[in-house]
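The data block below is coords.cif; it holds mmCIF, C-alpha atoms and all ligand atoms.
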data_coords
loop_
_atom_site.label_atom_id
_atom_site.label_comp_id
_atom_site.auth_asym_id
_atom_site.auth_seq_id
_atom_site.Cartn_x
_atom_site.Cartn_y
_atom_site.Cartn_z
CA MET A 1 -13.08 19.83 -5.13
CA THR A 2 -15.78 19.83 -7.82
CA GLY A 3 -14.88 20.73 -11.39
CA THR A 4 -11.36 19.33 -11.55
CA LYS A 5 -10.46 15.89 -12.75
CA ILE A 6 -8.59 13.51 -10.47
CA LEU A 7 -6.82 10.38 -11.66
CA LEU A 8 -5.96 7.09 -9.99
CA THR A 9 -3.55 4.60 -11.55
CA GLY A 10 -3.64 0.86 -10.93
CA ALA A 11 -7.32 1.33 -10.24
CA SER A 12 -8.35 -2.28 -10.69
CA GLY A 13 -6.23 -3.52 -7.79
CA LYS A 14 -7.62 -3.92 -4.27
CA LEU A 15 -6.49 -0.49 -3.11
CA GLY A 16 -7.62 1.08 -6.38
CA ARG A 17 -11.14 -0.29 -6.16
CA GLU A 18 -11.56 0.64 -2.50
CA THR A 19 -10.38 4.15 -3.30
CA LEU A 20 -12.76 4.47 -6.25
CA ASP A 21 -15.65 3.42 -4.01
CA ILE A 22 -14.75 6.08 -1.43
CA LEU A 23 -14.36 8.74 -4.12
CA LEU A 24 -17.75 7.89 -5.60
CA SER A 25 -19.46 7.91 -2.23
CA SER A 26 -17.86 11.29 -1.42
CA GLY A 27 -20.06 12.97 -4.00
CA LYS A 28 -17.25 13.60 -6.46
CA PRO A 29 -18.99 13.31 -9.86
CA ALA A 30 -18.01 10.08 -11.64
CA HIS A 31 -17.16 11.98 -14.83
CA GLU A 32 -14.47 13.88 -12.89
CA ILE A 33 -12.74 10.65 -11.87
CA ILE A 34 -10.25 9.04 -14.27
CA ALA A 35 -9.30 5.46 -13.42
CA THR A 36 -6.38 3.89 -15.26
CA THR A 37 -5.45 0.25 -15.43
CA ARG A 38 -3.47 -2.07 -17.65
CA ASN A 39 -6.65 -3.84 -18.74
CA VAL A 40 -9.72 -1.62 -19.06
CA SER A 41 -12.12 -4.56 -19.12
CA ASN A 42 -11.23 -5.05 -15.43
CA LEU A 43 -12.95 -1.75 -14.65
CA ALA A 44 -16.10 -2.22 -16.76
CA ASP A 45 -18.21 -1.98 -13.59
CA TYR A 46 -16.82 1.49 -12.81
CA ALA A 47 -17.13 2.62 -16.46
CA ALA A 48 -20.81 1.70 -16.17
CA LYS A 49 -21.04 4.10 -13.22
CA GLY A 50 -19.66 6.94 -15.36
CA VAL A 51 -16.03 6.83 -14.26
CA ILE A 52 -13.62 7.62 -17.11
CA VAL A 53 -11.60 4.44 -17.60
CA ARG A 54 -8.35 4.53 -19.57
CA GLN A 55 -5.54 2.11 -20.30
CA ALA A 56 -2.14 2.88 -18.75
CA ASP A 57 0.82 0.58 -18.24
CA PHE A 58 3.94 2.00 -16.59
CA ASN A 59 5.98 -0.49 -18.62
CA ALA A 60 4.71 1.26 -21.77
CA PRO A 61 5.45 4.94 -21.08
CA GLU A 62 4.15 5.87 -24.54
CA THR A 63 0.62 5.06 -23.29
CA LEU A 64 0.80 7.47 -20.40
CA SER A 65 0.45 10.93 -21.97
CA GLU A 66 -2.92 10.05 -23.48
CA ALA A 67 -3.93 8.24 -20.31
CA PHE A 68 -3.11 11.19 -18.05
CA ALA A 69 -4.44 13.98 -20.30
CA GLY A 70 -6.70 16.47 -18.52
CA ALA A 71 -6.01 15.21 -14.99
CA ASP A 72 -5.36 17.83 -12.31
CA ARG A 73 -4.33 15.58 -9.40
CA ILE A 74 -2.78 12.20 -10.14
CA ALA A 75 -2.31 9.38 -7.63
CA ILE A 76 0.22 6.72 -8.51
CA ILE A 77 -0.50 3.46 -6.71
CA SER A 78 2.87 1.71 -6.44
CA THR A 79 2.91 -1.43 -8.54
CA ASP A 80 3.26 -4.95 -7.19
CA ALA A 81 6.25 -5.69 -9.44
CA ILE A 82 8.69 -6.85 -6.75
CA ASP A 83 9.87 -9.97 -8.56
CA PRO A 84 13.41 -10.08 -9.95
CA GLY A 85 13.68 -8.40 -13.32
CA SER A 86 11.08 -5.75 -12.59
CA ASP A 87 12.10 -2.14 -12.15
CA ARG A 88 9.59 -0.28 -10.04
CA VAL A 89 11.66 2.88 -9.87
CA LYS A 90 11.64 3.03 -13.67
CA GLN A 91 7.89 2.35 -13.72
CA HIS A 92 7.04 5.05 -11.18
CA ALA A 93 9.52 7.53 -12.66
CA ALA A 94 7.83 7.09 -16.05
CA ALA A 95 4.45 7.81 -14.44
CA ALA A 96 5.76 10.89 -12.60
CA GLU A 97 7.32 12.24 -15.78
CA ALA A 98 4.11 11.65 -17.73
CA ALA A 99 2.07 13.43 -15.04
CA LYS A 100 4.32 16.44 -15.34
CA LEU A 101 4.12 16.45 -19.16
CA ALA A 102 0.33 16.07 -19.00
CA GLY A 103 0.10 19.31 -17.00
CA ALA A 104 -1.07 17.85 -13.71
CA SER A 105 -0.80 20.14 -10.69
CA HIS A 106 -0.21 17.59 -7.94
CA LEU A 107 1.20 14.09 -7.60
CA ILE A 108 0.41 11.49 -4.95
CA TYR A 109 2.42 8.29 -4.40
CA THR A 110 1.97 5.28 -2.12
CA SER A 111 5.23 4.40 -0.38
CA LEU A 112 6.36 2.64 2.82
CA PRO A 113 7.50 3.98 6.21
CA ASP A 114 11.02 5.39 6.42
CA PRO A 115 12.26 4.22 3.00
CA GLU A 116 15.72 5.61 3.83
CA GLY A 117 16.22 3.39 6.89
CA SER A 118 13.80 0.53 6.28
CA ARG A 119 15.22 -3.00 6.17
CA ILE A 120 12.38 -4.18 3.92
CA SER A 121 13.91 -5.84 0.85
CA PHE A 122 12.16 -3.55 -1.60
CA ALA A 123 12.55 -0.30 0.36
CA PRO A 124 15.05 1.01 -2.23
CA ASP A 125 12.24 0.82 -4.83
CA HIS A 126 10.17 3.24 -2.78
CA LEU A 127 13.08 5.50 -1.94
CA GLY A 128 13.96 5.78 -5.64
CA SER A 129 10.33 6.30 -6.57
CA GLU A 130 9.84 9.02 -3.96
CA LYS A 131 12.90 10.78 -5.38
CA ALA A 132 11.40 10.54 -8.88
CA VAL A 133 8.09 11.98 -7.63
CA ILE A 134 9.83 14.84 -5.83
CA GLY A 135 12.20 15.32 -8.77
CA SER A 136 9.28 15.77 -11.16
CA GLY A 137 8.94 19.31 -9.88
CA LEU A 138 5.21 18.88 -9.23
CA SER A 139 3.89 19.43 -5.74
CA TYR A 140 3.40 16.09 -4.02
CA THR A 141 1.75 14.09 -1.28
CA ILE A 142 3.58 10.93 -0.32
CA LEU A 143 1.60 8.36 1.63
CA ARG A 144 3.96 6.05 3.49
CA ASN A 145 1.61 3.16 4.18
CA SER A 146 2.53 0.90 7.10
CA TRP A 147 2.25 -2.88 6.85
CA TYR A 148 -1.36 -3.75 5.97
CA GLN A 149 -3.27 -5.38 8.82
CA GLU A 150 -4.58 -7.65 6.05
CA ASN A 151 -1.07 -9.10 5.53
CA LEU A 152 -1.79 -11.07 8.70
CA LEU A 153 -4.49 -12.91 6.75
CA MET A 154 -1.68 -14.52 4.75
CA SER A 155 0.63 -15.54 7.59
CA LEU A 156 -1.46 -16.15 10.69
CA PRO A 157 -3.94 -18.84 9.50
CA GLN A 158 -0.99 -21.20 9.03
CA ALA A 159 0.39 -20.21 12.44
CA PHE A 160 -2.99 -20.88 14.06
CA ALA A 161 -3.17 -24.25 12.28
CA GLN A 162 0.14 -25.21 13.89
CA GLY A 163 -0.52 -23.32 17.13
CA VAL A 164 2.89 -21.66 16.75
CA TRP A 165 3.99 -18.33 15.31
CA ALA A 166 7.67 -18.68 14.39
CA THR A 167 9.30 -15.27 14.16
CA SER A 168 12.67 -13.59 14.05
CA ALA A 169 11.13 -10.22 14.93
CA GLY A 170 12.33 -10.50 18.54
CA ASN A 171 10.80 -7.96 20.89
CA GLY A 172 10.40 -5.31 18.21
CA ARG A 173 7.15 -3.38 18.08
CA GLN A 174 5.08 -2.85 14.96
CA SER A 175 2.23 -0.64 13.91
CA PHE A 176 -0.07 -1.50 11.01
CA ILE A 177 -2.70 0.20 8.89
CA ALA A 178 -6.01 -1.15 7.60
CA HIS A 179 -6.12 -1.53 3.83
CA GLU A 180 -9.35 0.44 3.79
CA ASP A 181 -7.66 3.27 5.70
CA CYS A 182 -4.99 3.44 2.99
CA ALA A 183 -7.85 3.92 0.54
CA ARG A 184 -9.40 6.63 2.74
CA ALA A 185 -6.07 8.44 2.86
CA LEU A 186 -5.60 8.16 -0.89
CA ALA A 187 -9.10 9.47 -1.53
CA ALA A 188 -8.55 12.35 0.92
CA ALA A 189 -5.31 13.32 -0.83
CA LEU A 190 -7.03 13.21 -4.22
CA LEU A 191 -10.05 15.21 -3.07
CA SER A 192 -7.97 17.86 -1.30
CA ASN A 193 -7.10 21.06 -3.10
CA SER A 194 -3.81 21.44 -1.22
CA THR A 195 -0.69 21.76 -3.32
CA GLU A 196 1.63 21.83 -0.32
CA ASN A 197 4.32 19.19 -0.33
CA ALA A 198 3.57 16.64 2.38
CA ILE A 199 4.70 13.23 3.55
CA TYR A 200 2.34 11.22 5.77
CA THR A 201 3.38 8.03 7.53
CA LEU A 202 0.08 6.24 7.92
CA ASN A 203 -0.45 3.82 10.80
CA ASP A 204 -3.13 2.66 13.19
CA GLY A 205 -1.80 4.68 16.11
CA GLU A 206 -0.49 1.84 18.27
CA SER A 207 2.39 -0.61 18.13
CA HIS A 208 2.64 -4.16 19.48
CA THR A 209 5.21 -6.88 19.96
CA VAL A 210 4.61 -10.24 18.29
CA GLU A 211 3.67 -11.64 21.72
CA GLU A 212 1.05 -8.92 22.19
CA ILE A 213 -0.37 -9.49 18.71
CA ALA A 214 -0.49 -13.25 19.25
CA ALA A 215 -2.24 -12.84 22.61
CA MET A 216 -4.77 -10.41 21.16
CA ALA A 217 -5.46 -12.62 18.14
CA SER A 218 -5.67 -15.77 20.25
CA ALA A 219 -8.18 -14.23 22.66
CA ILE A 220 -10.39 -12.94 19.85
CA VAL A 221 -10.16 -15.98 17.57
CA GLY A 222 -10.48 -18.41 20.49
CA LYS A 223 -7.54 -20.63 19.51
CA PRO A 224 -4.10 -21.04 21.15
CA LEU A 225 -1.12 -19.36 19.52
CA GLU A 226 2.37 -19.63 20.97
CA VAL A 227 5.25 -17.49 19.84
CA SER A 228 8.50 -19.22 18.95
CA HIS A 229 11.50 -16.92 18.64
CA ILE A 230 13.88 -18.27 16.03
CA SER A 231 16.97 -16.92 14.35
CA GLU A 232 16.88 -15.16 11.01
CA ASP A 233 18.78 -18.08 9.47
CA ALA A 234 16.24 -20.56 10.82
CA LEU A 235 13.36 -18.46 9.46
CA ARG A 236 15.04 -18.26 6.07
CA ALA A 237 15.64 -22.00 6.00
CA GLY A 238 12.05 -22.79 7.00
CA LEU A 239 10.55 -20.54 4.34
CA THR A 240 12.94 -21.91 1.71
CA ASP A 241 12.07 -25.49 2.67
CA ALA A 242 8.40 -24.56 2.34
CA GLY A 243 9.11 -23.85 -1.34
CA LEU A 244 8.71 -20.07 -1.37
CA PRO A 245 10.55 -18.23 -4.16
CA PRO A 246 13.79 -16.58 -3.01
CA PHE A 247 12.44 -13.02 -3.39
CA VAL A 248 9.45 -13.88 -1.20
CA VAL A 249 11.78 -15.46 1.37
CA ASP A 250 13.88 -12.28 1.30
CA LEU A 251 10.76 -10.16 1.77
CA SER A 252 9.48 -12.20 4.72
CA VAL A 253 12.86 -12.31 6.45
CA SER A 254 13.40 -8.60 5.89
CA ALA A 255 9.95 -7.82 7.30
CA ASP A 256 10.85 -9.54 10.59
CA GLU A 257 14.22 -7.80 10.56
CA ASN A 258 12.49 -4.46 10.11
CA VAL A 259 10.27 -5.16 13.12
CA ARG A 260 13.22 -6.38 15.20
CA THR A 261 15.24 -3.25 14.46
CA GLY A 262 12.37 -0.86 15.16
CA GLY A 263 11.67 0.13 11.55
CA PHE A 264 7.92 -0.45 11.95
CA ASP A 265 7.68 1.08 15.42
CA ILE A 266 6.22 4.33 14.15
CA ILE A 267 3.13 5.86 15.73
CA ASN A 268 1.70 9.23 14.90
CA ASP A 269 -1.62 10.89 14.05
CA ASP A 270 -0.87 11.46 10.37
CA PHE A 271 -3.90 9.41 9.31
CA GLU A 272 -6.26 11.54 11.38
CA THR A 273 -4.56 14.74 10.21
CA LEU A 274 -5.11 13.79 6.59
CA THR A 275 -8.57 12.23 6.78
CA GLY A 276 -10.15 13.70 9.92
CA GLN A 277 -10.98 10.14 10.99
CA LYS A 278 -9.61 7.68 13.53
CA PRO A 279 -7.75 4.69 12.05
CA GLN A 280 -9.11 1.18 12.45
CA THR A 281 -7.33 -0.63 15.25
CA LEU A 282 -5.67 -4.02 15.05
CA ARG A 283 -8.21 -5.27 17.59
CA SER A 284 -11.11 -4.28 15.33
CA PHE A 285 -9.32 -5.97 12.41
CA PHE A 286 -9.15 -9.28 14.31
CA GLU A 287 -12.75 -8.93 15.47
CA ALA A 288 -13.95 -8.32 11.91
CA ASN A 289 -11.89 -11.19 10.47
CA ARG A 290 -12.23 -13.76 13.28
CA ALA A 291 -13.52 -16.43 10.90
CA ALA A 292 -10.49 -16.17 8.60
CA PHE A 293 -8.18 -17.47 11.31
N1 LIG A 301 1.77 -1.78 2.92
C1 LIG A 301 1.66 -3.07 2.66
O1 LIG A 301 1.61 -3.90 3.56
C2 LIG A 301 1.51 -3.52 1.24
C3 LIG A 301 1.18 -4.85 0.98
C4 LIG A 301 1.03 -5.25 -0.35
C5 LIG A 301 1.20 -4.33 -1.37
N2 LIG A 301 1.54 -3.05 -1.10
C6 LIG A 301 1.74 -2.05 -2.17
O2 LIG A 301 0.49 -1.38 -2.33
C7 LIG A 301 0.06 -1.46 -3.70
C8 LIG A 301 -1.45 -1.54 -3.76
O3 LIG A 301 -1.86 -2.62 -2.96
P1 LIG A 301 -3.06 -3.55 -3.40
O4 LIG A 301 -3.47 -4.27 -2.19
O5 LIG A 301 -4.08 -2.79 -4.18
O6 LIG A 301 -2.30 -4.56 -4.40
P2 LIG A 301 -2.86 -5.31 -5.69
O7 LIG A 301 -4.33 -5.53 -5.63
O8 LIG A 301 -1.98 -6.50 -5.88
O9 LIG A 301 -2.60 -4.29 -6.86
C9 LIG A 301 -1.43 -4.28 -7.60
C10 LIG A 301 -1.36 -2.94 -8.27
O10 LIG A 301 -0.23 -2.82 -9.14
C11 LIG A 301 -0.69 -2.18 -10.34
N3 LIG A 301 0.27 -2.47 -11.42
C12 LIG A 301 0.99 -3.60 -11.58
N4 LIG A 301 1.75 -3.50 -12.68
C13 LIG A 301 1.52 -2.27 -13.21
C14 LIG A 301 2.01 -1.56 -14.36
N5 LIG A 301 2.91 -2.14 -15.19
N6 LIG A 301 1.55 -0.31 -14.60
C15 LIG A 301 0.64 0.26 -13.78
N7 LIG A 301 0.13 -0.35 -12.67
C16 LIG A 301 0.57 -1.60 -12.42
C17 LIG A 301 -2.04 -2.79 -10.55
O11 LIG A 301 -2.79 -2.03 -11.48
P3 LIG A 301 -3.81 -2.64 -12.60
O12 LIG A 301 -3.90 -4.14 -12.38
O13 LIG A 301 -5.11 -1.95 -12.39
O14 LIG A 301 -3.17 -2.30 -13.89
C18 LIG A 301 -2.59 -2.68 -9.13
O15 LIG A 301 -3.01 -1.40 -8.80
C19 LIG A 301 0.78 -2.70 -4.24
O16 LIG A 301 0.88 -2.63 -5.65
C20 LIG A 301 2.12 -2.62 -3.51
O17 LIG A 301 3.00 -1.71 -4.15
C21 LIG A 301 1.68 -2.62 0.19
#

Could you take the file, read its structure, and then write that structure out as C-alpha cells?
Ligand SMILES: NC(=O)c1ccc[n+]([C@@H]2O[C@H](COP(=O)([O-])OP(=O)(O)OC[C@H]3O[C@@H](n4cnc5c(N)ncnc54)[C@H](OP(=O)(O)O)[C@@H]3O)[C@@H](O)[C@H]2O)c1
Amino acid sequence: MTGTKILLTGASGKLGRETLDILLSSGKPAHEIIATTRNVSNLADYAAKGVIVRQADFNAPETLSEAFAGADRIAIISTDAIDPGSDRVKQHAAAAEAAKLAGASHLIYTSLPDPEGSRISFAPDHLGSEKAVIGSGLSYTILRNSWYQENLLMSLPQAFAQGVWATSAGNGRQSFIAHEDCARALAAALLSNSTENAIYTLNDGESHTVEEIAAMASAIVGKPLEVSHISEDALRAGLTDAGLPPFVVDLSVSADENVRTGGFDIINDDFETLTGQKPQTLRSFFEANRAAF
C-alpha cells in the first residue's frame, strides 16, 4: 500500500535484512519504510538507499515512542534474548504497548508453532508475547514460524563429519520453513492493508522423520549419514559434555522432544495463503546448500 509508513524492528538481523530487501524490491518507496535497530550504524547501507533508520531497543522502552512515531503497520521481530536473565515477554510487551501509543493501526509478531502446546524451552516467551500483542487492542497478524531449514546448517555438518546423526526425536515428523520464506511472509504482512486479526503457522508444506531427512540429505550431499536413536538423557549428557551452555542444551533437547511428541508435525498452506507463493522445500534447501555439509 503506497502512502503509508511501515516499520520493522530488529531490522539489522538476518530476518530483518532479508525482509527489507523484499520490501524494497516490491516497489514500496524507501522513504515509507522505517527500519529500527539497537545500533543504527548497522543499517547505514539501508539508510543510504533512503530507508528511514531509527534506534529502538526493547530493553529501553523510553526510546520506543520516538522510534515508532508515524508508523501505520509495525512488525516486531522477536528478539534472540533466550539466555537466562533476559525477559522476552517484557521486551515484546513494551514494543506492543509503544506501537499502540504511537497510533499504529496494525501489529505483526514473529512467533513459533503452537506456543500453547509446544515443548520448545522458550515457547512460554512466545505465548506471553502473543498475549501482549493481542492484549494491545491493535489488530494483529501473528506469524508462527516453523523451525528454520537453516538451523540444519548448525547441526548437520557435525553429524556428517561423524557419519552419525544422534537424535532423541524418535519417529516424530517435522516440517520446516526457509528463512527467506519467513522474510517473504513478513513483507507480505507489512505490505497488506488488511486489519483482520490473523494467525499463520508458516511451514514448507511437508513433514519428515529424522530418517527421511537424513536419507534426503545424504543422497544430495553425497556422504553417508546414519541415524542413531538415543534417549533424551543421553542427548543431554552428550551436549553437556560438548561444553554447550545449559540453556542451549535445554533448547536442543526440547527441540527433539517437540519433534518426538508431534509438536512440529504441522502442515498447511498458510504460507501460500499469505504470500501467494509456494514455500521452498527441504529438498531445494539441501540442493542449494550442498557445499555447507
Ligand atoms: N524459527 C526458528 O527456527 C528460529 C531460529 C532462530 C531464531 N528465531 C527467532 O527469529 C528471530 C529473527 O531471526 P534472525 O535469524 O533474524 O535472528 P538474528 O539475526 O539473530 O536477529 C536477532 C534479532 O533480535 C533483535 N534484538 C535483539 N535484542 C533486541 C532488543 N533489545 N530490542 C530490539 N530488538 C532486539 C535484533 O535486532 P537488532 O540487532 O537490529 O537490534 C535482531 O533482529 C530471532 O530473534 C528469534 O526470535 C527463530

Top pick for closest residue to A:Ala96, considering A:Thr4, A:Thr9, A:Ser155, A:Gln149 and counting only C-alpha atoms: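 Smallest separation from A:Ala96 among the options: A:Thr9.
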
Distance criterion (all atoms listed in the file): nearest to ligand LIG 301 (chain A) out of A:Ala69, A:Ala44, A:Ala292, A:Ile199: A:Ala44

Shell of 9 Å around ligand LIG 301 (chain A) (all atoms listed in the file), written as a ChimeraX atom specification: /A:9-18,35-40,42-43,55-60,76-82,88,91-92,95,110-113,126,144-151,176-177,179,182

Restricted to C-alpha atoms, what would the selected residues look like written as a tab-separated table (two decimals), keeping the file's coordinate frame?
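File written: again.tsv
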chain	number	residue	atom	x	y	z
A	9	THR	CA	-3.55	4.60	-11.55
A	10	GLY	CA	-3.64	0.86	-10.93
A	11	ALA	CA	-7.32	1.33	-10.24
A	12	SER	CA	-8.35	-2.28	-10.69
A	13	GLY	CA	-6.23	-3.52	-7.79
A	14	LYS	CA	-7.62	-3.92	-4.27
A	15	LEU	CA	-6.49	-0.49	-3.11
A	16	GLY	CA	-7.62	1.08	-6.38
A	17	ARG	CA	-11.14	-0.29	-6.16
A	18	GLU	CA	-11.56	0.64	-2.50
A	35	ALA	CA	-9.30	5.46	-13.42
A	36	THR	CA	-6.38	3.89	-15.26
A	37	THR	CA	-5.45	0.25	-15.43
A	38	ARG	CA	-3.47	-2.07	-17.65
A	39	ASN	CA	-6.65	-3.84	-18.74
A	40	VAL	CA	-9.72	-1.62	-19.06
A	42	ASN	CA	-11.23	-5.05	-15.43
A	43	LEU	CA	-12.95	-1.75	-14.65
A	55	GLN	CA	-5.54	2.11	-20.30
A	56	ALA	CA	-2.14	2.88	-18.75
A	57	ASP	CA	0.82	0.58	-18.24
A	58	PHE	CA	3.94	2.00	-16.59
A	59	ASN	CA	5.98	-0.49	-18.62
A	60	ALA	CA	4.71	1.26	-21.77
A	76	ILE	CA	0.22	6.72	-8.51
A	77	ILE	CA	-0.50	3.46	-6.71
A	78	SER	CA	2.87	1.71	-6.44
A	79	THR	CA	2.91	-1.43	-8.54
A	80	ASP	CA	3.26	-4.95	-7.19
A	81	ALA	CA	6.25	-5.69	-9.44
A	82	ILE	CA	8.69	-6.85	-6.75
A	88	ARG	CA	9.59	-0.28	-10.04
A	91	GLN	CA	7.89	2.35	-13.72
A	92	HIS	CA	7.04	5.05	-11.18
A	95	ALA	CA	4.45	7.81	-14.44
A	110	THR	CA	1.97	5.28	-2.12
A	111	SER	CA	5.23	4.40	-0.38
A	112	LEU	CA	6.36	2.64	2.82
A	113	PRO	CA	7.50	3.98	6.21
A	126	HIS	CA	10.17	3.24	-2.78
A	144	ARG	CA	3.96	6.05	3.49
A	145	ASN	CA	1.61	3.16	4.18
A	146	SER	CA	2.53	0.90	7.10
A	147	TRP	CA	2.25	-2.88	6.85
A	148	TYR	CA	-1.36	-3.75	5.97
A	149	GLN	CA	-3.27	-5.38	8.82
A	150	GLU	CA	-4.58	-7.65	6.05
A	151	ASN	CA	-1.07	-9.10	5.53
A	176	PHE	CA	-0.07	-1.50	11.01
A	177	ILE	CA	-2.70	0.20	8.89
A	179	HIS	CA	-6.12	-1.53	3.83
A	182	CYS	CA	-4.99	3.44	2.99

Proximity to A:Glu226 - best of A:Phe285, A:Phe160, A:Tyr46, A:Tyr109, only C-alpha atoms: A:Phe160

Pick from A:Val51, A:Leu153, A:Ala94, A:Leu251, whichever lies nearest to A:Ser121 using all atoms listed in the file: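 Among the listed residues, A:Leu251 lies closest to A:Ser121.
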
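When all atoms listed in the file are used to measure the gap to A:Ser254, the shortest distance among A:Thr273, A:Ser175, A:Ser168, A:Asn203 belongs to A:Ser168.
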
Who sits within 9 Å of A:Ala166, all atoms listed in the file, same chain under 4 positions skipped, as a PyMOL selection string: chain A and resi 159+226-230+235

Those selected residues, please, written with C-alpha atoms and delivered as an mmCIF file, in the coordinates of the input.
data_model
loop_
_atom_site.group_PDB
_atom_site.id
_atom_site.type_symbol
_atom_site.label_atom_id
_atom_site.label_comp_id
_atom_site.auth_asym_id
_atom_site.auth_seq_id
_atom_site.Cartn_x
_atom_site.Cartn_y
_atom_site.Cartn_z
ATOM 1 C CA ALA A 159 0.390 -20.210 12.440
ATOM 2 C CA GLU A 226 2.370 -19.630 20.970
ATOM 3 C CA VAL A 227 5.250 -17.490 19.840
ATOM 4 C CA SER A 228 8.500 -19.220 18.950
ATOM 5 C CA HIS A 229 11.500 -16.920 18.640
ATOM 6 C CA ILE A 230 13.880 -18.270 16.030
ATOM 7 C CA LEU A 235 13.360 -18.460 9.460
#

Straight-line distance linking atom CA of A:Thr201 with atom CA of A:Asp21, stated in Å to one decimal: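 Those two atoms sit 22.7 Å apart.
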
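Atom CA of A:Gly205 to atom CA of A:Asp269 spans 6.5 Å [interatomic distance, one decimal].
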
Interatomic distance (Å, one decimal) between atom CA of A:Leu225 and atom CA of A:Ile213: 9.9 Å
